[in-house]
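Only one structure is covered here, and it is reproduced in the block below.
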Amino acid sequence: MSTPVRNYTPRRVNWRSSGAPATEAPAPTATGELDILEDEQLFEEISWAEEDSAPVVERLDSSDIAVAVDHASMIYRIRSSTEYLNSTGRFSRQLRRITGSGWANVPALQDLSFVVRQGESVGVIGTNGSGKSTLMKLLTGKIRPTTGEIYATSTPIMLGVNAALVKQLSGRENIKLGCLAMGLTPKEAAEKYDMVVELSGLEDSLNLPLKSYSSGMASRLQFAIATAVDPDILIIDEALNTGDAQFRARTKRRLDEVRQQAGCVFLVSHSLGTIKQMCSRVLWIEQGRLLADGDPEWVTQQYQEYTEHKSQNRMRSAQIVYERTLMQLDQVQVDFDSGTRPKRAG
Ligand SMILES: Nc1ncnc2c1ncn2[C@@H]1O[C@H](COP(=O)(O)OP(=O)(O)OP(=O)(O)O)[C@@H](O)[C@H]1O
């Protein structure tokens, strides 16, 4: 495990007005539909709040910080399929002349800033394609932000994807190798061995080569190996927590242990129940923007309202919940004393 960097002092600057009255949320009607505000009225209120806002500078104790995300944006650059299909054809050349170079930009995250303290359990929610996995990849350093920076006191570890398995080797050998590959010493790997075997529930198949495992068995082994580490900053993407009901029940206990030992945990989940149960704070990412950051009850309630409107095709009502939630978000500016920056994540 890398040595935590403690010699920096980030400041959080809150640009929300402390004195300005909060904009009232539109009252729900009897049918649960929101009253529709005129756009002008809504935007007038937003700009009024901004005009009156004054920065509130909160100086944070450096030993408290686990992760600082500073104006991070991510734009994926992908080649269009036309480019692949007919890269030298005349039609393709003409089409490229009309549509551009054949490259497309996919904006995934826009200007995210937040600071996470040691000991926090942070839930990350958002509808499909909102940017959650992209943020997790940025935190682990798997990809670099297009603009902005991400800092962490130690490399955040994503549970479930770090252990690479070797098909020709037995389950037993894969456990030993996987633990070493994740940075454990041979002694630590030996100490964790029984726990990994028990968690995987694959005692009877440990001598078989991995190529004889079903995909479910292989992912159980991979997940069990991944939990052998005790990282300072832990990321759990629920989508990676595979396995049957019995396996999931067994993993919950180990996950709780890992969470308790970790300095800070990020949990990505579509299950609001799990988020409320496990997290002390929730980030809601929507359409690539950080929309809310705060109390799990409040944030999940806004999110539920938003998704309900969307599922009923009440797009304007959903948009109002979006705007209303965004207005409550503190604008955070991460600022470091010169020469005292922590290292980049990854
Ligand atoms: N490798 C990639 N190349 C191009 N675009 C990508 C890539 N990965 C993600 N995207 C795009 O970035 C946006 C955010 O995707 P991301 O996977 O981060 O969302 P998500 O919130 O994790 O979604 P889900 O809940 O469905 O897992 C989407 O528009 C997606 O199409």
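In the structure tokens, chains take the letters A, B, ... in the order shown, each chain's residues start at 1, and ligands count up from 1 in the order shown.
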Could you please extract the residues within 6 Å of ligand 1, counting only C-alpha atoms and all ligand atoms, and hand them back as an mmCIF file with N, CA and C atoms, in the first residue's frame?
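Produced file out_14.cif, reproduced below:
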```
data_model
loop_
_atom_site.group_PDB
_atom_site.id
_atom_site.type_symbol
_atom_site.label_atom_id
_atom_site.label_comp_id
_atom_site.auth_asym_id
_atom_site.auth_seq_id
_atom_site.Cartn_x
_atom_site.Cartn_y
_atom_site.Cartn_z
ATOM 1 N N TYR A 76 -14.734 11.522 -23.736
ATOM 2 C CA TYR A 76 -14.183 10.394 -24.489
ATOM 3 C C TYR A 76 -14.108 10.798 -25.952
ATOM 4 N N ILE A 78 -13.993 9.121 -29.578
ATOM 5 C CA ILE A 78 -14.127 7.820 -30.245
ATOM 6 C C ILE A 78 -14.194 7.986 -31.757
ATOM 7 N N VAL A 106 -17.463 12.341 -26.855
ATOM 8 C CA VAL A 106 -18.566 11.949 -25.971
ATOM 9 C C VAL A 106 -18.296 12.564 -24.592
ATOM 10 N N ALA A 108 -18.582 12.920 -20.925
ATOM 11 C CA ALA A 108 -19.078 12.000 -19.889
ATOM 12 C C ALA A 108 -19.200 12.676 -18.537
ATOM 13 N N GLY A 126 -27.102 7.717 -9.899
ATOM 14 C CA GLY A 126 -27.343 8.417 -11.159
ATOM 15 C C GLY A 126 -27.955 7.442 -12.152
ATOM 16 N N THR A 127 -28.704 7.962 -13.088
ATOM 17 C CA THR A 127 -29.345 7.083 -14.074
ATOM 18 C C THR A 127 -28.280 6.496 -15.013
ATOM 19 N N ASN A 128 -28.677 5.535 -15.830
ATOM 20 C CA ASN A 128 -27.727 4.884 -16.745
ATOM 21 C C ASN A 128 -27.038 5.906 -17.636
ATOM 22 N N GLY A 129 -25.735 5.759 -17.748
ATOM 23 C CA GLY A 129 -24.972 6.631 -18.639
ATOM 24 C C GLY A 129 -24.695 8.002 -18.058
ATOM 25 N N SER A 130 -24.949 8.187 -16.753
ATOM 26 C CA SER A 130 -24.782 9.531 -16.183
ATOM 27 C C SER A 130 -23.313 9.865 -15.896
ATOM 28 N N GLY A 131 -22.457 8.841 -15.801
ATOM 29 C CA GLY A 131 -21.034 9.121 -15.612
ATOM 30 C C GLY A 131 -20.418 8.513 -14.354
ATOM 31 N N LYS A 132 -21.150 7.660 -13.667
ATOM 32 C CA LYS A 132 -20.658 7.092 -12.394
ATOM 33 C C LYS A 132 -19.383 6.270 -12.597
ATOM 34 N N SER A 133 -19.442 5.334 -13.565
ATOM 35 C CA SER A 133 -18.264 4.468 -13.784
ATOM 36 C C SER A 133 -17.082 5.286 -14.259
ATOM 37 N N THR A 134 -17.351 6.307 -15.053
ATOM 38 C CA THR A 134 -16.270 7.176 -15.529
ATOM 39 C C THR A 134 -15.586 7.842 -14.336
#
```
Those in range 107-246 of chain A with helix (DSSP H, G or I) from DSSP, as number ranges by chain
A: 132-140, 171-181, 186-200, 203-205, 210-212, 215-226, 238-240, 245-246
Using only C-alpha atoms, which protein or nucleic acid residues come within 7 Å of Ala66 in chain A? Drop anything in the same chain fewer than 4 positions from it, and give the result as a ChimeraX atom specification.
/A:116-118,152-153,264
Minimum-distance residue to Ser215 in chain A, chosen among A:Leu234, A:Met195, A:Cys179, A:Leu165 (using only C-alpha atoms)
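That would be A:Leu165, the residue with the smallest distance to Ser215 in chain A.
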Dump as a tab-separated table the rows for residues of range 106-127 of chain A within 10 Å of range 294-302 of chain A: closest atom pair and distance in Å with one decimal, only C-alpha atoms counted, ordered by chain and rising residue number.
```
residue	atom	partner	partner_atom	distance
A:Val122	CA	A:Pro296	CA	9.1
A:Gly123	CA	A:Pro296	CA	7.9
A:Ile125	CA	A:Thr300	CA	8.3
A:Gly126	CA	A:Thr300	CA	9.8
```
Selection to disk with N, CA and C atoms, as a PDB file, in the first residue's frame:
```pdb
ATOM      1  N   VAL A 122     -19.257   7.075   0.862  1.00  0.00           N
ATOM      2  CA  VAL A 122     -19.916   7.935  -0.119  1.00  0.00           C
ATOM      3  C   VAL A 122     -20.671   7.090  -1.150  1.00  0.00           C
ATOM      4  N   GLY A 123     -21.969   7.257  -1.207  1.00  0.00           N
ATOM      5  CA  GLY A 123     -22.771   6.576  -2.225  1.00  0.00           C
ATOM      6  C   GLY A 123     -22.733   7.387  -3.507  1.00  0.00           C
ATOM      7  N   ILE A 125     -24.890   7.764  -7.014  1.00  0.00           N
ATOM      8  CA  ILE A 125     -26.081   7.335  -7.753  1.00  0.00           C
ATOM      9  C   ILE A 125     -26.227   8.170  -9.027  1.00  0.00           C
ATOM     10  N   GLY A 126     -27.102   7.717  -9.899  1.00  0.00           N
ATOM     11  CA  GLY A 126     -27.343   8.417 -11.159  1.00  0.00           C
ATOM     12  C   GLY A 126     -27.955   7.442 -12.152  1.00  0.00           C
TER      13      GLY A 126
END
```
So which residues touch Leu159 in chain A within 7 Å, counting only C-alpha atoms, skipping near sequence neighbours fewer than 3 positions away, as a PDB file with C-alpha atoms, in the first residue's frame?
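Output (around34.pdb):
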```
ATOM      1  CA  ASN A 162      -7.993  -5.820  -9.894  1.00  0.00           C
ATOM      2  CA  ALA A 226     -10.052  -8.784  -4.664  1.00  0.00           C
ATOM      3  CA  THR A 227     -11.368  -8.565  -1.101  1.00  0.00           C
ATOM      4  CA  ILE A 235     -14.391   1.645  -4.463  1.00  0.00           C
ATOM      5  CA  ILE A 236     -17.216  -0.843  -4.807  1.00  0.00           C
TER       6      ILE A 236
END
```
Taking 4 positions as the minimum chain separation for residues in the same chain, which residues sit within 9 Å of Leu208 in chain A when counting only C-alpha atoms? Answer as a PyMOL selection string.
chain A and resi 169-172+204+212-213
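With only C-alpha atoms as the atoms that count, the residue of A:Tyr322, A:Tyr193, A:Phe114, A:Trp103 with the shortest distance to Lys310 in chain A is A:Tyr322.
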Please measure the separation of CA of Arg253 in chain A and CA of Lys176 in chain A, giving the value in Å to one decimal.
22.0 Å
Pick from A:Ser63, A:Gln304, A:Thr155, A:Ser219: nearest to Met136 in chain A, with only C-alpha atoms counted?
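Looking only at the distances to Met136 in chain A, the closest residue turns out to be A:Thr155.
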Which of A:Ser73, A:Thr325, A:Gln312, A:Thr146 sits closest to Ser113 in chain A [using only C-alpha atoms]
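Looking at the shortest contact to Ser113 in chain A, the residue is A:Ser73.
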